[in-house]
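Notes follow the structure.
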Amino acid sequence: MRRQLDEPRLRAGASGDQRGRGVTFGVDAASPLASVGGAALVQASAGNFLVSRTGQDVFAALTAVCTHEACTVSGFQNSTYVCPCHGSRYSTSGSVVQGPATAPLRAFTARFSNNVLTIS
Ligand code: FES
């Protein structure tokens with residue numbers, strides 16, 4: 001069963017900015033990212049990102065823009081991201097698991113400290 005990714009609330013006043021600090025948001029107990037294996041679609045003014053928690057303090061952040069025809073990748077099934085438009089699948093590290101996409105999702109740096117995740 002495919003499910004839509006949950007969207008964690010962005011920390012107030014701290015969405016993506018244009019000054020190079022990246023996107024910052026809190027990960028609280030109610031967040032889909034609160035436990036290892038969780039994933040979320042983070043929608044910020046700087047763009048949409050796919051974020052997964054791969055370890056206690058380790059996160060992976062990718063662009064949510066599908067490399068096939070630029071739909072927003074919004075599904076998550078069996079630990080892979082699923083594009084709703086033509087079914088491309090990507091691993092949580094961004095590599096193509098199933099086409100039609102042929103190029104990986106661009107990865108960003110994700111830093112986690114004091115329950116705040118920063119994507120840059
Ligand atoms: S736009 Fe994502 S599979 Fe075509």
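Residues are named by chain letter and number: chains run A, B, ... in the order of the structure tokens, numbers start at 1 in each chain, and ligands are numbered from 1 in the order shown.
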Write out as JSON lines a residue-level contact list of chain A versus ligand 1 with cut-off 7 Å: for each qualifying residue the closest pair of atoms and the distance in Å to one decimal, counting only C-alpha atoms and all ligand atoms, rows sorted by chain and residue number upward.
{"residue": "A:Cys66", "atom": "CA", "partner": "ligand 1", "partner_atom_place_in_ligand_line": "2 (Fe)", "distance": 4.6}
{"residue": "A:Thr67", "atom": "CA", "partner": "ligand 1", "partner_atom_place_in_ligand_line": "2 (Fe)", "distance": 6.6}
{"residue": "A:His68", "atom": "CA", "partner": "ligand 1", "partner_atom_place_in_ligand_line": "1 (S)", "distance": 4.5}
{"residue": "A:Glu69", "atom": "CA", "partner": "ligand 1", "partner_atom_place_in_ligand_line": "1 (S)", "distance": 3.7}
{"residue": "A:Ala70", "atom": "CA", "partner": "ligand 1", "partner_atom_place_in_ligand_line": "1 (S)", "distance": 4.9}
{"residue": "A:Cys71", "atom": "CA", "partner": "ligand 1", "partner_atom_place_in_ligand_line": "1 (S)", "distance": 4.4}
{"residue": "A:Val73", "atom": "CA", "partner": "ligand 1", "partner_atom_place_in_ligand_line": "2 (Fe)", "distance": 6.7}
{"residue": "A:Cys83", "atom": "CA", "partner": "ligand 1", "partner_atom_place_in_ligand_line": "2 (Fe)", "distance": 4.7}
{"residue": "A:Pro84", "atom": "CA", "partner": "ligand 1", "partner_atom_place_in_ligand_line": "2 (Fe)", "distance": 6.5}
{"residue": "A:Cys85", "atom": "CA", "partner": "ligand 1", "partner_atom_place_in_ligand_line": "4 (Fe)", "distance": 5.0}
{"residue": "A:His86", "atom": "CA", "partner": "ligand 1", "partner_atom_place_in_ligand_line": "3 (S)", "distance": 3.8}
{"residue": "A:Gly87", "atom": "CA", "partner": "ligand 1", "partner_atom_place_in_ligand_line": "3 (S)", "distance": 4.9}
{"residue": "A:Ser88", "atom": "CA", "partner": "ligand 1", "partner_atom_place_in_ligand_line": "3 (S)", "distance": 4.2}
{"residue": "A:Gly99", "atom": "CA", "partner": "ligand 1", "partner_atom_place_in_ligand_line": "3 (S)", "distance": 6.9}
{"residue": "A:Pro100", "atom": "CA", "partner": "ligand 1", "partner_atom_place_in_ligand_line": "3 (S)", "distance": 5.8}
{"residue": "A:Ala101", "atom": "CA", "partner": "ligand 1", "partner_atom_place_in_ligand_line": "3 (S)", "distance": 5.8}
Would you please give, as number ranges by chain, all residues of chain A that DSSP assigns to strand (DSSP E) based on the backbone?
A: 3-4, 23-26, 39-44, 47-55, 58-63, 75-77, 80-82, 89-90, 96-98, 107-108, 110-113, 116-119
From the options A:Val23, A:Leu33, A:Leu117, A:Val82, which residue's atoms come nearest to Gly94 in chain A, counting only C-alpha atoms?
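Residue with the minimum atom-to-atom distance to Gly94 in chain A: A:Val82.
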Would you mind telling me which residue in A:Ser31, A:Ser113, A:Ser52, A:Gln98 lies nearest to Phe76 in chain A when using only C-alpha atoms?
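Smallest separation from Phe76 in chain A among the options: A:Ser52.
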For Asn48 in chain A, list every protein, DNA or RNA residue within 9 Å, evaluated using only C-alpha atoms, and leave out those in the same chain fewer than 3 positions away; present the list as a ChimeraX atom specification.
/A:41-45,62-65,72
May I ask which of the residues A:Gln77, A:Ser35, A:Ser91, A:Thr102 is the closest one to Asp57 in chain A, counting only C-alpha atoms?
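For Asp57 in chain A, the nearest of the given residues is A:Ser35.
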When distances are computed from only C-alpha atoms, which of A:Ser93, A:Ser79, A:Asn114, A:Ser74 shows the smallest separation from Gly37 in chain A?
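Of the candidates, the smallest distance to Gly37 in chain A is held by A:Ser79.
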From the list A:Val116, A:Val96, A:Asn78, A:Gly38, which residue is nearest Leu50 in chain A when using only C-alpha atoms?
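Closest candidate: A:Gly38.
Residues surrounding Ala110 in chain A within 9 Å are A:Val51, A:Val58, A:Phe59, A:Ala60, A:Ala61, A:Leu117, A:Thr118, A:Ile119, A:Ser120 [only C-alpha atoms; sequence separation below 3 positions excluded].
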Output file for the residues above (N, CA and C atoms, as a PDB file, in the first residue's frame):
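Written file, result_17.pdb:
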ATOM      1  N   VAL A  51      13.124  13.942   3.188  1.00  0.00           N
ATOM      2  CA  VAL A  51      14.038  13.748   4.312  1.00  0.00           C
ATOM      3  C   VAL A  51      13.740  12.407   4.953  1.00  0.00           C
ATOM      4  N   VAL A  58      21.307  10.570  12.186  1.00  0.00           N
ATOM      5  CA  VAL A  58      21.700  10.651  10.774  1.00  0.00           C
ATOM      6  C   VAL A  58      20.458  10.792   9.891  1.00  0.00           C
ATOM      7  N   PHE A  59      20.459  11.814   9.077  1.00  0.00           N
ATOM      8  CA  PHE A  59      19.352  12.076   8.171  1.00  0.00           C
ATOM      9  C   PHE A  59      19.890  12.195   6.754  1.00  0.00           C
ATOM     10  N   ALA A  60      19.034  11.861   5.796  1.00  0.00           N
ATOM     11  CA  ALA A  60      19.379  12.063   4.388  1.00  0.00           C
ATOM     12  C   ALA A  60      18.348  13.003   3.791  1.00  0.00           C
ATOM     13  N   ALA A  61      18.819  14.021   3.080  1.00  0.00           N
ATOM     14  CA  ALA A  61      17.928  15.006   2.471  1.00  0.00           C
ATOM     15  C   ALA A  61      18.174  15.044   0.970  1.00  0.00           C
ATOM     16  N   LEU A 117      16.825  20.013  12.609  1.00  0.00           N
ATOM     17  CA  LEU A 117      17.482  19.533  11.404  1.00  0.00           C
ATOM     18  C   LEU A 117      17.697  20.701  10.452  1.00  0.00           C
ATOM     19  N   THR A 118      18.898  20.798   9.917  1.00  0.00           N
ATOM     20  CA  THR A 118      19.222  21.840   8.957  1.00  0.00           C
ATOM     21  C   THR A 118      19.636  21.181   7.650  1.00  0.00           C
ATOM     22  N   ILE A 119      18.973  21.585   6.591  1.00  0.00           N
ATOM     23  CA  ILE A 119      19.285  21.070   5.254  1.00  0.00           C
ATOM     24  C   ILE A 119      19.959  22.197   4.485  1.00  0.00           C
ATOM     25  N   SER A 120      21.100  21.907   3.909  1.00  0.00           N
ATOM     26  CA  SER A 120      21.779  22.963   3.160  1.00  0.00           C
ATOM     27  C   SER A 120      22.499  22.374   1.953  1.00  0.00           C
TER      28      SER A 120
END
